[in-house]
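So this block is my_file_25.pdb, PDB, C-alpha atoms:
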MODEL        1
ATOM      1  CA  MET A   1      17.174  -8.278 -22.216  1.00  0.00           C
ATOM      2  CA  GLU A   2      14.311  -5.900 -21.401  1.00  0.00           C
ATOM      3  CA  SER A   3      15.043  -2.196 -21.308  1.00  0.00           C
ATOM      4  CA  LEU A   4      13.861  -0.060 -18.395  1.00  0.00           C
ATOM      5  CA  PHE A   5      11.324   1.523 -20.765  1.00  0.00           C
ATOM      6  CA  ASP A   6       9.871  -1.894 -21.682  1.00  0.00           C
ATOM      7  CA  TYR A   7       9.694  -2.908 -18.022  1.00  0.00           C
ATOM      8  CA  GLN A   8       7.848   0.291 -17.035  1.00  0.00           C
ATOM      9  CA  ALA A   9       5.299  -0.191 -19.809  1.00  0.00           C
ATOM     10  CA  LYS A  10       4.434  -3.749 -18.744  1.00  0.00           C
ATOM     11  CA  GLN A  11       0.921  -4.422 -17.519  1.00  0.00           C
ATOM     12  CA  THR A  12       1.632  -7.989 -16.374  1.00  0.00           C
ATOM     13  CA  PHE A  13       4.365  -9.478 -14.227  1.00  0.00           C
ATOM     14  CA  GLU A  14       5.399 -13.020 -13.345  1.00  0.00           C
ATOM     15  CA  CYS A  15       5.145 -14.031  -9.707  1.00  0.00           C
ATOM     16  CA  PRO A  16       8.266 -16.010  -8.711  1.00  0.00           C
ATOM     17  CA  ASN A  17       6.236 -18.131  -6.247  1.00  0.00           C
ATOM     18  CA  CYS A  18       3.377 -19.428  -8.417  1.00  0.00           C
ATOM     19  CA  GLN A  19       5.244 -18.645 -11.678  1.00  0.00           C
ATOM     20  CA  LYS A  20       2.053 -17.256 -13.225  1.00  0.00           C
ATOM     21  CA  GLU A  21       1.853 -14.143 -15.359  1.00  0.00           C
ATOM     22  CA  LYS A  22      -0.515 -11.774 -13.540  1.00  0.00           C
ATOM     23  CA  SER A  23      -1.946  -8.280 -13.946  1.00  0.00           C
ATOM     24  CA  SER A  24      -0.278  -5.351 -12.179  1.00  0.00           C
ATOM     25  CA  GLU A  25      -3.457  -5.160 -10.038  1.00  0.00           C
ATOM     26  CA  ASP A  26      -2.372  -8.457  -8.446  1.00  0.00           C
ATOM     27  CA  PHE A  27       0.808  -6.843  -7.060  1.00  0.00           C
ATOM     28  CA  THR A  28       1.644  -4.014  -4.670  1.00  0.00           C
ATOM     29  CA  MET A  29       2.941  -1.467  -7.180  1.00  0.00           C
ATOM     30  CA  ASP A  30       5.152   1.590  -6.731  1.00  0.00           C
ATOM     31  CA  ALA A  31       3.376   4.959  -6.388  1.00  0.00           C
ATOM     32  CA  LYS A  32       3.415   5.539 -10.173  1.00  0.00           C
ATOM     33  CA  GLY A  33       2.279   1.990 -10.969  1.00  0.00           C
ATOM     34  CA  ARG A  34       5.456   1.150 -12.896  1.00  0.00           C
ATOM     35  CA  PHE A  35       6.764  -1.934 -11.087  1.00  0.00           C
ATOM     36  CA  PRO A  36       5.921  -4.232  -8.142  1.00  0.00           C
ATOM     37  CA  LEU A  37       7.330  -3.195  -4.757  1.00  0.00           C
ATOM     38  CA  ILE A  38       7.064  -6.811  -3.586  1.00  0.00           C
ATOM     39  CA  SER A  39       7.907  -9.427  -6.224  1.00  0.00           C
ATOM     40  CA  VAL A  40       5.209 -11.934  -5.197  1.00  0.00           C
ATOM     41  CA  CYS A  41       1.534 -11.530  -6.073  1.00  0.00           C
ATOM     42  CA  HIS A  42      -1.121 -10.790  -3.418  1.00  0.00           C
ATOM     43  CA  GLU A  43      -2.442 -14.356  -3.504  1.00  0.00           C
ATOM     44  CA  CYS A  44       0.985 -15.907  -2.824  1.00  0.00           C
ATOM     45  CA  SER A  45       1.762 -13.239  -0.234  1.00  0.00           C
ATOM     46  CA  ASP A  46      -1.473 -14.091   1.617  1.00  0.00           C
ATOM     47  CA  LEU A  47      -0.700 -17.829   1.460  1.00  0.00           C
ATOM     48  CA  GLU A  48       3.029 -17.828   2.136  1.00  0.00           C
ATOM     49  CA  TYR A  49       3.926 -14.713   4.125  1.00  0.00           C
ATOM     50  CA  ILE A  50       1.319 -14.655   6.907  1.00  0.00           C
ATOM     51  CA  GLU A  51       2.384 -16.580   9.991  1.00  0.00           C
ATOM     52  CA  LYS A  52       0.362 -19.736  10.584  1.00  0.00           C
ATOM     53  CA  ILE A  53      -0.407 -19.221  14.286  1.00  0.00           C
ATOM     54  CA  ASP A  54      -3.515 -18.532  16.361  1.00  0.00           C
ATOM     55  CA  CYS A  55      -4.090 -14.982  17.654  1.00  0.00           C
ATOM     56  CA  THR A  56      -6.594 -13.672  20.184  1.00  0.00           C
ATOM     57  CA  CYS A  57      -8.745 -10.724  19.112  1.00  0.00           C
ATOM     58  CA  SER A  58      -8.426  -7.870  21.607  1.00  0.00           C
ATOM     59  CA  VAL A  59     -12.104  -6.977  21.133  1.00  0.00           C
ATOM     60  CA  CYS A  60     -14.161 -10.204  20.980  1.00  0.00           C
ATOM     61  CA  LYS A  61     -11.453 -12.375  22.669  1.00  0.00           C
ATOM     62  CA  ARG A  62     -11.888 -15.183  20.103  1.00  0.00           C
ATOM     63  CA  LYS A  63      -8.791 -17.211  19.299  1.00  0.00           C
ATOM     64  CA  LEU A  64      -8.515 -17.324  15.499  1.00  0.00           C
ATOM     65  CA  PRO A  65      -5.950 -18.227  12.848  1.00  0.00           C
ATOM     66  CA  SER A  66      -3.666 -15.326  11.927  1.00  0.00           C
ATOM     67  CA  LYS A  67      -5.254 -15.096   8.458  1.00  0.00           C
ATOM     68  CA  TYR A  68      -8.382 -13.633  10.141  1.00  0.00           C
ATOM     69  CA  PHE A  69      -6.370 -10.516  11.021  1.00  0.00           C
ATOM     70  CA  GLN A  70      -5.258  -7.752   8.665  1.00  0.00           C
ATOM     71  CA  HIS A  71      -1.584  -7.686   7.682  1.00  0.00           C
ATOM     72  CA  TYR A  72       0.458  -4.960   6.014  1.00  0.00           C
ATOM     73  CA  ARG A  73       1.397  -5.747   2.400  1.00  0.00           C
ATOM     74  CA  THR A  74       4.790  -4.005   2.558  1.00  0.00           C
ATOM     75  CA  ARG A  75       5.885  -4.291   6.211  1.00  0.00           C
ATOM     76  CA  PHE A  76       7.673  -7.404   7.382  1.00  0.00           C
ATOM     77  CA  LYS A  77       8.975  -8.842  10.630  1.00  0.00           C
ATOM     78  CA  ARG A  78      12.583 -10.017  11.011  1.00  0.00           C
ATOM     79  CA  ASN A  79      11.509 -13.551  10.139  1.00  0.00           C
ATOM     80  CA  GLY A  80      10.359 -12.347   6.684  1.00  0.00           C
ATOM     81  CA  LEU A  81       6.636 -12.730   7.405  1.00  0.00           C
ATOM     82  CA  ARG A  82       4.141  -9.883   7.080  1.00  0.00           C
ATOM     83  CA  LEU A  83       3.481  -7.643  10.088  1.00  0.00           C
ATOM     84  CA  ARG A  84      -0.037  -7.686  11.534  1.00  0.00           C
ATOM     85  CA  VAL A  85      -1.854  -4.318  11.393  1.00  0.00           C
ATOM     86  CA  ASN A  86      -3.484  -4.607  14.819  1.00  0.00           C
ATOM     87  CA  THR A  87      -4.988  -7.096  17.248  1.00  0.00           C
ATOM     88  CA  ASN A  88      -8.585  -6.832  15.993  1.00  0.00           C
ATOM     89  CA  CYS A  89      -9.989  -9.703  13.929  1.00  0.00           C
ATOM     90  CA  ARG A  90     -11.573  -8.861  10.553  1.00  0.00           C
ATOM     91  CA  ASP A  91     -15.128  -9.016  11.971  1.00  0.00           C
ATOM     92  CA  CYS A  92     -14.354  -6.587  14.797  1.00  0.00           C
ATOM     93  CA  SER A  93     -12.385  -4.318  12.431  1.00  0.00           C
ATOM     94  CA  ARG A  94     -15.407  -4.114  10.103  1.00  0.00           C
ATOM     95  CA  LYS A  95     -17.720  -3.211  13.003  1.00  0.00           C
ATOM     96  CA  GLU A  96     -15.242  -0.586  14.273  1.00  0.00           C
ATOM     97  CA  SER A  97     -14.867   0.865  10.793  1.00  0.00           C
ATOM     98  CA  SER A  98     -18.634   0.995  10.323  1.00  0.00           C
ATOM     99  CA  TYR A  99     -19.401   3.031  13.441  1.00  0.00           C
ATOM    100  CA  LEU A 100     -16.255   5.140  13.032  1.00  0.00           C
ATOM    101  CA  ASN A 101     -17.411   6.150   9.533  1.00  0.00           C
ATOM    102  CA  LYS A 102     -20.797   7.101  10.990  1.00  0.00           C
ATOM    103  CA  ILE A 103     -19.133   9.214  13.717  1.00  0.00           C
ATOM    104  CA  LYS A 104     -16.917  10.956  11.148  1.00  0.00           C
ATOM    105  CA  LYS A 105     -19.891  11.700   8.908  1.00  0.00           C
ATOM    106  CA  GLU A 106     -21.765  13.312  11.817  1.00  0.00           C
ATOM    107  CA  ASN A 107     -18.633  15.145  13.090  1.00  0.00           C
ATOM    108  CA  PRO A 108     -16.400  16.369  10.252  1.00  0.00           C
ATOM    109  CA  ALA A 109     -12.679  16.798  10.991  1.00  0.00           C
ATOM    110  CA  PRO A 110     -11.291  20.303  11.559  1.00  0.00           C
ATOM    111  CA  SER A 111      -9.356  22.004   8.780  1.00  0.00           C
ATOM    112  CA  TYR A 112      -5.596  21.746   8.706  1.00  0.00           C
ATOM    113  CA  GLY A 113      -4.097  24.807  10.345  1.00  0.00           C
ATOM    114  CA  ALA A 114      -6.372  24.386  13.383  1.00  0.00           C
ATOM    115  CA  THR A 115      -4.914  23.683  16.831  1.00  0.00           C
ATOM    116  CA  CYS A 116      -5.051  20.273  18.520  1.00  0.00           C
ATOM    117  CA  PRO A 117      -7.164  20.705  21.693  1.00  0.00           C
ATOM    118  CA  GLN A 118      -4.857  18.462  23.735  1.00  0.00           C
ATOM    119  CA  CYS A 119      -1.290  19.598  22.882  1.00  0.00           C
ATOM    120  CA  ASN A 120      -2.180  23.043  21.459  1.00  0.00           C
ATOM    121  CA  LYS A 121       0.032  22.478  18.405  1.00  0.00           C
ATOM    122  CA  ILE A 122      -1.073  23.540  14.929  1.00  0.00           C
ATOM    123  CA  VAL A 123      -1.933  20.480  12.829  1.00  0.00           C
ATOM    124  CA  TYR A 124      -0.641  20.474   9.256  1.00  0.00           C
ATOM    125  CA  GLU A 125      -1.570  17.938   6.594  1.00  0.00           C
ATOM    126  CA  LYS A 126       2.003  16.696   6.009  1.00  0.00           C
ATOM    127  CA  VAL A 127       5.339  17.027   7.817  1.00  0.00           C
ATOM    128  CA  GLU A 128       6.666  18.985   4.825  1.00  0.00           C
ATOM    129  CA  ASP A 129       3.934  21.621   5.383  1.00  0.00           C
ATOM    130  CA  ILE A 130       5.172  22.583   8.868  1.00  0.00           C
ATOM    131  CA  PRO A 131       7.011  25.913   8.541  1.00  0.00           C
ATOM    132  CA  GLU A 132      10.561  26.004   9.861  1.00  0.00           C
ATOM    133  CA  GLY A 133      10.675  27.235  13.452  1.00  0.00           C
ATOM    134  CA  ILE A 134       7.004  26.345  14.128  1.00  0.00           C
ATOM    135  CA  ASP A 135       6.253  23.719  16.782  1.00  0.00           C
ATOM    136  CA  GLY A 136       3.496  22.006  14.815  1.00  0.00           C
ATOM    137  CA  THR A 137       2.484  18.435  14.124  1.00  0.00           C
ATOM    138  CA  ASN A 138       1.205  16.605  11.068  1.00  0.00           C
ATOM    139  CA  GLY A 139      -2.107  14.946  10.360  1.00  0.00           C
ATOM    140  CA  PRO A 140      -4.278  13.278   9.615  1.00  0.00           C
ATOM    141  CA  TRP A 141      -6.766  14.336  12.266  1.00  0.00           C
ATOM    142  CA  GLN A 142      -7.758  11.371  14.431  1.00  0.00           C
ATOM    143  CA  CYS A 143     -11.296  10.774  15.679  1.00  0.00           C
ATOM    144  CA  ASP A 144     -11.097  10.347  19.469  1.00  0.00           C
ATOM    145  CA  HIS A 145     -14.030   8.229  20.641  1.00  0.00           C
ATOM    146  CA  ASP A 146     -14.950   5.897  23.474  1.00  0.00           C
ATOM    147  CA  HIS A 147     -14.622   2.331  22.172  1.00  0.00           C
ATOM    148  CA  LYS A 148     -17.192   0.964  24.635  1.00  0.00           C
ATOM    149  CA  THR A 149     -19.950   3.578  24.369  1.00  0.00           C
ATOM    150  CA  LYS A 150     -19.029   4.515  20.768  1.00  0.00           C
ATOM    151  CA  LYS A 151     -19.457   8.202  21.648  1.00  0.00           C
ATOM    152  CA  PHE A 152     -17.470  10.860  19.810  1.00  0.00           C
ATOM    153  CA  ARG A 153     -15.247  13.017  22.024  1.00  0.00           C
ATOM    154  CA  ARG A 154     -13.260  15.270  19.676  1.00  0.00           C
ATOM    155  CA  TYR A 155     -10.582  15.280  17.015  1.00  0.00           C
ATOM    156  CA  LEU A 156      -6.936  15.100  18.096  1.00  0.00           C
ATOM    157  CA  CYS A 157      -3.620  15.146  16.288  1.00  0.00           C
ATOM    158  CA  LYS A 158      -2.215  11.697  15.562  1.00  0.00           C
ATOM    159  CA  ARG A 159       0.354  11.811  18.402  1.00  0.00           C
ATOM    160  CA  CYS A 160      -2.178  12.836  21.053  1.00  0.00           C
ATOM    161  CA  ASN A 161      -4.727  10.265  19.917  1.00  0.00           C
ATOM    162  CA  THR A 162      -2.121   7.490  19.895  1.00  0.00           C
ATOM    163  CA  GLY A 163      -0.852   8.443  23.357  1.00  0.00           C
ATOM    164  CA  THR A 164      -4.376   8.753  24.712  1.00  0.00           C
ATOM    165  CA  GLY A 165      -5.298   5.383  23.198  1.00  0.00           C
ATOM    166  CA  LEU A 166      -2.287   3.676  24.727  1.00  0.00           C
ATOM    167  CA  ILE A 167      -3.128   4.968  28.212  1.00  0.00           C
ATOM    168  CA  GLY A 168      -6.752   3.885  27.793  1.00  0.00           C
ATOM    169  CA  ASP A 169     -10.158   5.151  28.814  1.00  0.00           C
ATOM    170  CA  SER A 170     -10.057   4.414  32.545  1.00  0.00           C
ATOM    171  CA  GLN A 171      -9.617   7.245  35.035  1.00  0.00           C
ATOM    172  CA  GLN A 172      -7.337   4.983  37.102  1.00  0.00           C
ATOM    173  CA  ALA A 173      -4.890   4.542  34.192  1.00  0.00           C
ATOM    174  CA  TRP A 174      -4.688   8.340  33.719  1.00  0.00           C
ATOM    175  CA  GLU A 175      -4.091   8.917  37.423  1.00  0.00           C
ATOM    176  CA  LYS A 176      -1.265   6.342  37.376  1.00  0.00           C
ATOM    177  CA  ALA A 177       0.257   8.085  34.348  1.00  0.00           C
ATOM    178  CA  VAL A 178       0.150  11.482  36.138  1.00  0.00           C
ATOM    179  CA  VAL A 179       1.730  10.022  39.302  1.00  0.00           C
ATOM    180  CA  TYR A 180       4.457   8.381  37.197  1.00  0.00           C
ATOM    181  CA  LYS A 181       5.150  11.608  35.277  1.00  0.00           C
ATOM    182  CA  LYS A 182       5.393  13.617  38.528  1.00  0.00           C
ATOM    183  CA  LYS A 183       7.872  11.115  40.004  1.00  0.00           C
ATOM    184  CA  LYS A 184      10.037  11.156  36.864  1.00  0.00           C
ATOM    185  CA  SER A 185       9.978  14.975  36.677  1.00  0.00           C
ATOM    186  CA  LYS A 186      11.638  15.426  40.087  1.00  0.00           C
TER     187      LYS A 186
ENDMDL
END
Go ahead and render the structure in this file as structure tokens.
Amino acid sequence: MESLFDYQAKQTFECPNCQKEKSSEDFTMDAKGRFPLISVCHECSDLEYIEKIDCTCSVCKRKLPSKYFQHYRTRFKRNGLRLRVNTNCRDCSRKESSYLNKIKKENPAPSYGATCPQCNKIVYEKVEDIPEGIDGTNGPWQCDHDHKTKKFRRYLCKRCNTGTGLIGDSQQAWEKAVVYKKKKSK
């Protein structure tokens, strides 16, 4: 029987699916690189744990097999299959990433400790960094930009950017949200 020490020193592991001995680089490892978080290798995970259905890309509207979309390696649905990262196909994700990197290069993120311009909370790098009694939020800073025009707007905290993104870029959607909020506040 292997001791814990021997197991932690291993550089290869056997995948129970393909039953091949593979390098630790072929697995999703724990933070210290000691052991696989998921017992199957990446190749088997990609073949066996991604749902075999067609999905429609929210950007280009093409209907493509699920394998053309990014999936989390360590997040699973109730049916045991990997959770999809978002509704953008790989091609559209690459394009988005390309222009987003350009925007970020031209407009560096504010330092942690600065205030989010939308919620006026101080943004800290990690939750653990928020001092007790301070109404702050954690990063990372999110690049708010118009997805159609690809124009940079500003940096927001993660919560504000997510909320803003869910409401959308149309003035009509924001007006509906304000009307709804006023009704619910009474």
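Neighbouring residues of A:Thr12 at 7 Å or closer, counting only C-alpha atoms and skipping chain neighbours under 6 positions away, are Glu21, Lys22, Ser23 and Ser24 of chain A.
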Original post:
Which is closer to A:Gly139 than all the others in A:Phe76, A:Phe152, A:Tyr99, A:Tyr124, using only C-alpha atoms?
Top reply: A:Tyr124
Original post:
Hey, what's within 10 Å of A:Ile122 if we count only C-alpha atoms and toss same-chain stuff fewer than 4 positions away? As a list in words, please?
Top reply: Tyr112, Gly113, Ala114, Thr115, Cys116, Pro117, Ile130, Ile134, Asp135, Gly136, Thr137, Asn138, Gly139 and Cys157 of chain A
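With distances taken over only C-alpha atoms, A:Cys143 is the one residue among A:Phe27, A:Cys143, A:Phe35, A:Arg159 lying closest to A:Lys105.
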Original post:
Exactly which residues make up the result of the PyMOL selection byres ((chain A and resi 64) around 6) on this file, given as number ranges by chain?
Top reply: A: 54-55, 63, 65
Once you have the residues from the selection above, write them out as an mmCIF file, in the coordinates of the input, restricted to C-alpha atoms.
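Dumped to part_32.cif:
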data_model
loop_
_atom_site.group_PDB
_atom_site.id
_atom_site.type_symbol
_atom_site.label_atom_id
_atom_site.label_comp_id
_atom_site.auth_asym_id
_atom_site.auth_seq_id
_atom_site.Cartn_x
_atom_site.Cartn_y
_atom_site.Cartn_z
ATOM 1 C CA ASP A 54 -3.515 -18.532 16.361
ATOM 2 C CA CYS A 55 -4.090 -14.982 17.654
ATOM 3 C CA LYS A 63 -8.791 -17.211 19.299
ATOM 4 C CA PRO A 65 -5.950 -18.227 12.848
#
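Nearest residue to A:Ser97 among A:Lys150, A:Glu175, A:Glu128, A:Thr74 is A:Lys150, counting all atoms listed in the file.
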Original post:
Hey, can you check how far atom CA of A:Gln172 sits from atom CA of A:Asp144?
Top reply: 18.8 Å
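Using all atoms listed in the file for every distance, the candidate list A:Arg154, A:His42, A:Lys104, A:Lys182 yields A:His42 as the residue closest to A:Arg73.
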**OP:** For each of A:Ile38, A:Glu48, A:Asp146, A:Met29, take the minimum atom-to-atom distance to A:Asp169, counting all atoms listed in the file, then give the residue where this is smallest.
**Re:** A:Asp146
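Residue neighbourhood of stretch 106-109 of chain A, excluding near-sequence residues (fewer than 3 positions): A:Lys102, A:Ile103, A:Trp141, A:Tyr155, at 7 Å, using all atoms listed in the file.
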Working from the structure I just supplied, which lacks atoms in stretch 21-54 of chain A, can you model N, CA and C atoms there and output them as an mmCIF file, keeping the file's coordinate frame?
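Wrote it out as selection.cif, contents follow:
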data_model
loop_
_atom_site.group_PDB
_atom_site.id
_atom_site.type_symbol
_atom_site.label_atom_id
_atom_site.label_comp_id
_atom_site.auth_asym_id
_atom_site.auth_seq_id
_atom_site.Cartn_x
_atom_site.Cartn_y
_atom_site.Cartn_z
ATOM 1 N N GLU A 21 1.868 -15.514 -14.860
ATOM 2 C CA GLU A 21 1.853 -14.143 -15.359
ATOM 3 C C GLU A 21 0.556 -13.511 -14.858
ATOM 4 N N LYS A 22 0.672 -12.394 -14.136
ATOM 5 C CA LYS A 22 -0.515 -11.774 -13.540
ATOM 6 C C LYS A 22 -0.548 -10.279 -13.830
ATOM 7 N N SER A 23 -1.734 -9.709 -13.726
ATOM 8 C CA SER A 23 -1.946 -8.280 -13.946
ATOM 9 C C SER A 23 -1.252 -7.469 -12.851
ATOM 10 N N SER A 24 -0.901 -6.235 -13.172
ATOM 11 C CA SER A 24 -0.278 -5.351 -12.179
ATOM 12 C C SER A 24 -1.193 -5.129 -10.978
ATOM 13 N N GLU A 25 -2.503 -5.300 -11.147
ATOM 14 C CA GLU A 25 -3.457 -5.160 -10.038
ATOM 15 C C GLU A 25 -3.285 -6.260 -8.992
ATOM 16 N N ASP A 26 -2.603 -7.347 -9.370
ATOM 17 C CA ASP A 26 -2.372 -8.457 -8.446
ATOM 18 C C ASP A 26 -1.099 -8.282 -7.629
ATOM 19 N N PHE A 27 -0.428 -7.130 -7.775
ATOM 20 C CA PHE A 27 0.808 -6.843 -7.060
ATOM 21 C C PHE A 27 0.697 -5.519 -6.328
ATOM 22 N N THR A 28 1.522 -5.317 -5.319
ATOM 23 C CA THR A 28 1.644 -4.014 -4.670
ATOM 24 C C THR A 28 2.639 -3.227 -5.510
ATOM 25 N N MET A 29 2.128 -2.216 -6.218
ATOM 26 C CA MET A 29 2.941 -1.467 -7.180
ATOM 27 C C MET A 29 3.528 -0.216 -6.539
ATOM 28 N N ASP A 30 4.578 0.320 -7.177
ATOM 29 C CA ASP A 30 5.152 1.590 -6.731
ATOM 30 C C ASP A 30 4.109 2.686 -6.926
ATOM 31 N N ALA A 31 4.362 3.865 -6.381
ATOM 32 C CA ALA A 31 3.376 4.959 -6.388
ATOM 33 C C ALA A 31 2.917 5.337 -7.799
ATOM 34 N N LYS A 32 3.775 5.181 -8.797
ATOM 35 C CA LYS A 32 3.415 5.539 -10.173
ATOM 36 C C LYS A 32 2.904 4.341 -10.966
ATOM 37 N N GLY A 33 2.809 3.184 -10.314
ATOM 38 C CA GLY A 33 2.279 1.990 -10.969
ATOM 39 C C GLY A 33 3.207 1.387 -12.009
ATOM 40 N N ARG A 34 4.512 1.617 -11.881
ATOM 41 C CA ARG A 34 5.456 1.150 -12.896
ATOM 42 C C ARG A 34 5.967 -0.262 -12.648
ATOM 43 N N PHE A 35 6.182 -0.624 -11.388
ATOM 44 C CA PHE A 35 6.764 -1.934 -11.087
ATOM 45 C C PHE A 35 6.321 -2.384 -9.702
ATOM 46 N N PRO A 36 6.328 -3.713 -9.460
ATOM 47 C CA PRO A 36 5.921 -4.232 -8.142
ATOM 48 C C PRO A 36 6.944 -3.891 -7.059
ATOM 49 N N LEU A 37 6.455 -3.434 -5.907
ATOM 50 C CA LEU A 37 7.330 -3.195 -4.757
ATOM 51 C C LEU A 37 7.743 -4.523 -4.120
ATOM 52 N N ILE A 38 6.818 -5.465 -4.106
ATOM 53 C CA ILE A 38 7.064 -6.811 -3.586
ATOM 54 C C ILE A 38 6.917 -7.741 -4.783
ATOM 55 N N SER A 39 7.894 -8.623 -4.991
ATOM 56 C CA SER A 39 7.907 -9.427 -6.224
ATOM 57 C C SER A 39 6.782 -10.453 -6.304
ATOM 58 N N VAL A 40 6.258 -10.918 -5.158
ATOM 59 C CA VAL A 40 5.209 -11.934 -5.197
ATOM 60 C C VAL A 40 3.823 -11.294 -5.303
ATOM 61 N N CYS A 41 2.906 -12.028 -5.915
ATOM 62 C CA CYS A 41 1.534 -11.530 -6.073
ATOM 63 C C CYS A 41 0.807 -11.545 -4.719
ATOM 64 N N HIS A 42 -0.342 -10.853 -4.665
ATOM 65 C CA HIS A 42 -1.121 -10.790 -3.418
ATOM 66 C C HIS A 42 -1.538 -12.188 -2.944
ATOM 67 N N GLU A 43 -1.971 -13.023 -3.871
ATOM 68 C CA GLU A 43 -2.442 -14.356 -3.504
ATOM 69 C C GLU A 43 -1.329 -15.173 -2.829
ATOM 70 N N CYS A 44 -0.146 -15.166 -3.417
ATOM 71 C CA CYS A 44 0.985 -15.907 -2.824
ATOM 72 C C CYS A 44 1.425 -15.267 -1.513
ATOM 73 N N SER A 45 1.392 -13.942 -1.458
ATOM 74 C CA SER A 45 1.762 -13.239 -0.234
ATOM 75 C C SER A 45 0.826 -13.633 0.904
ATOM 76 N N ASP A 46 -0.490 -13.707 0.601
ATOM 77 C CA ASP A 46 -1.473 -14.091 1.617
ATOM 78 C C ASP A 46 -1.283 -15.546 2.059
ATOM 79 N N LEU A 47 -0.880 -16.412 1.137
ATOM 80 C CA LEU A 47 -0.700 -17.829 1.460
ATOM 81 C C LEU A 47 0.631 -18.126 2.146
ATOM 82 N N GLU A 48 1.686 -17.459 1.699
ATOM 83 C CA GLU A 48 3.029 -17.828 2.136
ATOM 84 C C GLU A 48 3.651 -16.924 3.195
ATOM 85 N N TYR A 49 3.217 -15.669 3.282
ATOM 86 C CA TYR A 49 3.926 -14.713 4.125
ATOM 87 C C TYR A 49 3.133 -14.224 5.336
ATOM 88 N N ILE A 50 2.058 -14.938 5.673
ATOM 89 C CA ILE A 50 1.319 -14.655 6.907
ATOM 90 C C ILE A 50 1.554 -15.840 7.834
ATOM 91 N N GLU A 51 2.034 -15.540 9.025
ATOM 92 C CA GLU A 51 2.384 -16.580 9.991
ATOM 93 C C GLU A 51 1.190 -17.485 10.284
ATOM 94 N N LYS A 52 1.428 -18.766 10.340
ATOM 95 C CA LYS A 52 0.362 -19.736 10.584
ATOM 96 C C LYS A 52 0.298 -20.052 12.082
ATOM 97 N N ILE A 53 -0.244 -19.080 12.837
ATOM 98 C CA ILE A 53 -0.407 -19.221 14.286
ATOM 99 C C ILE A 53 -1.814 -18.761 14.648
ATOM 100 N N ASP A 54 -2.233 -19.036 15.869
ATOM 101 C CA ASP A 54 -3.515 -18.532 16.361
ATOM 102 C C ASP A 54 -3.271 -17.242 17.140
#
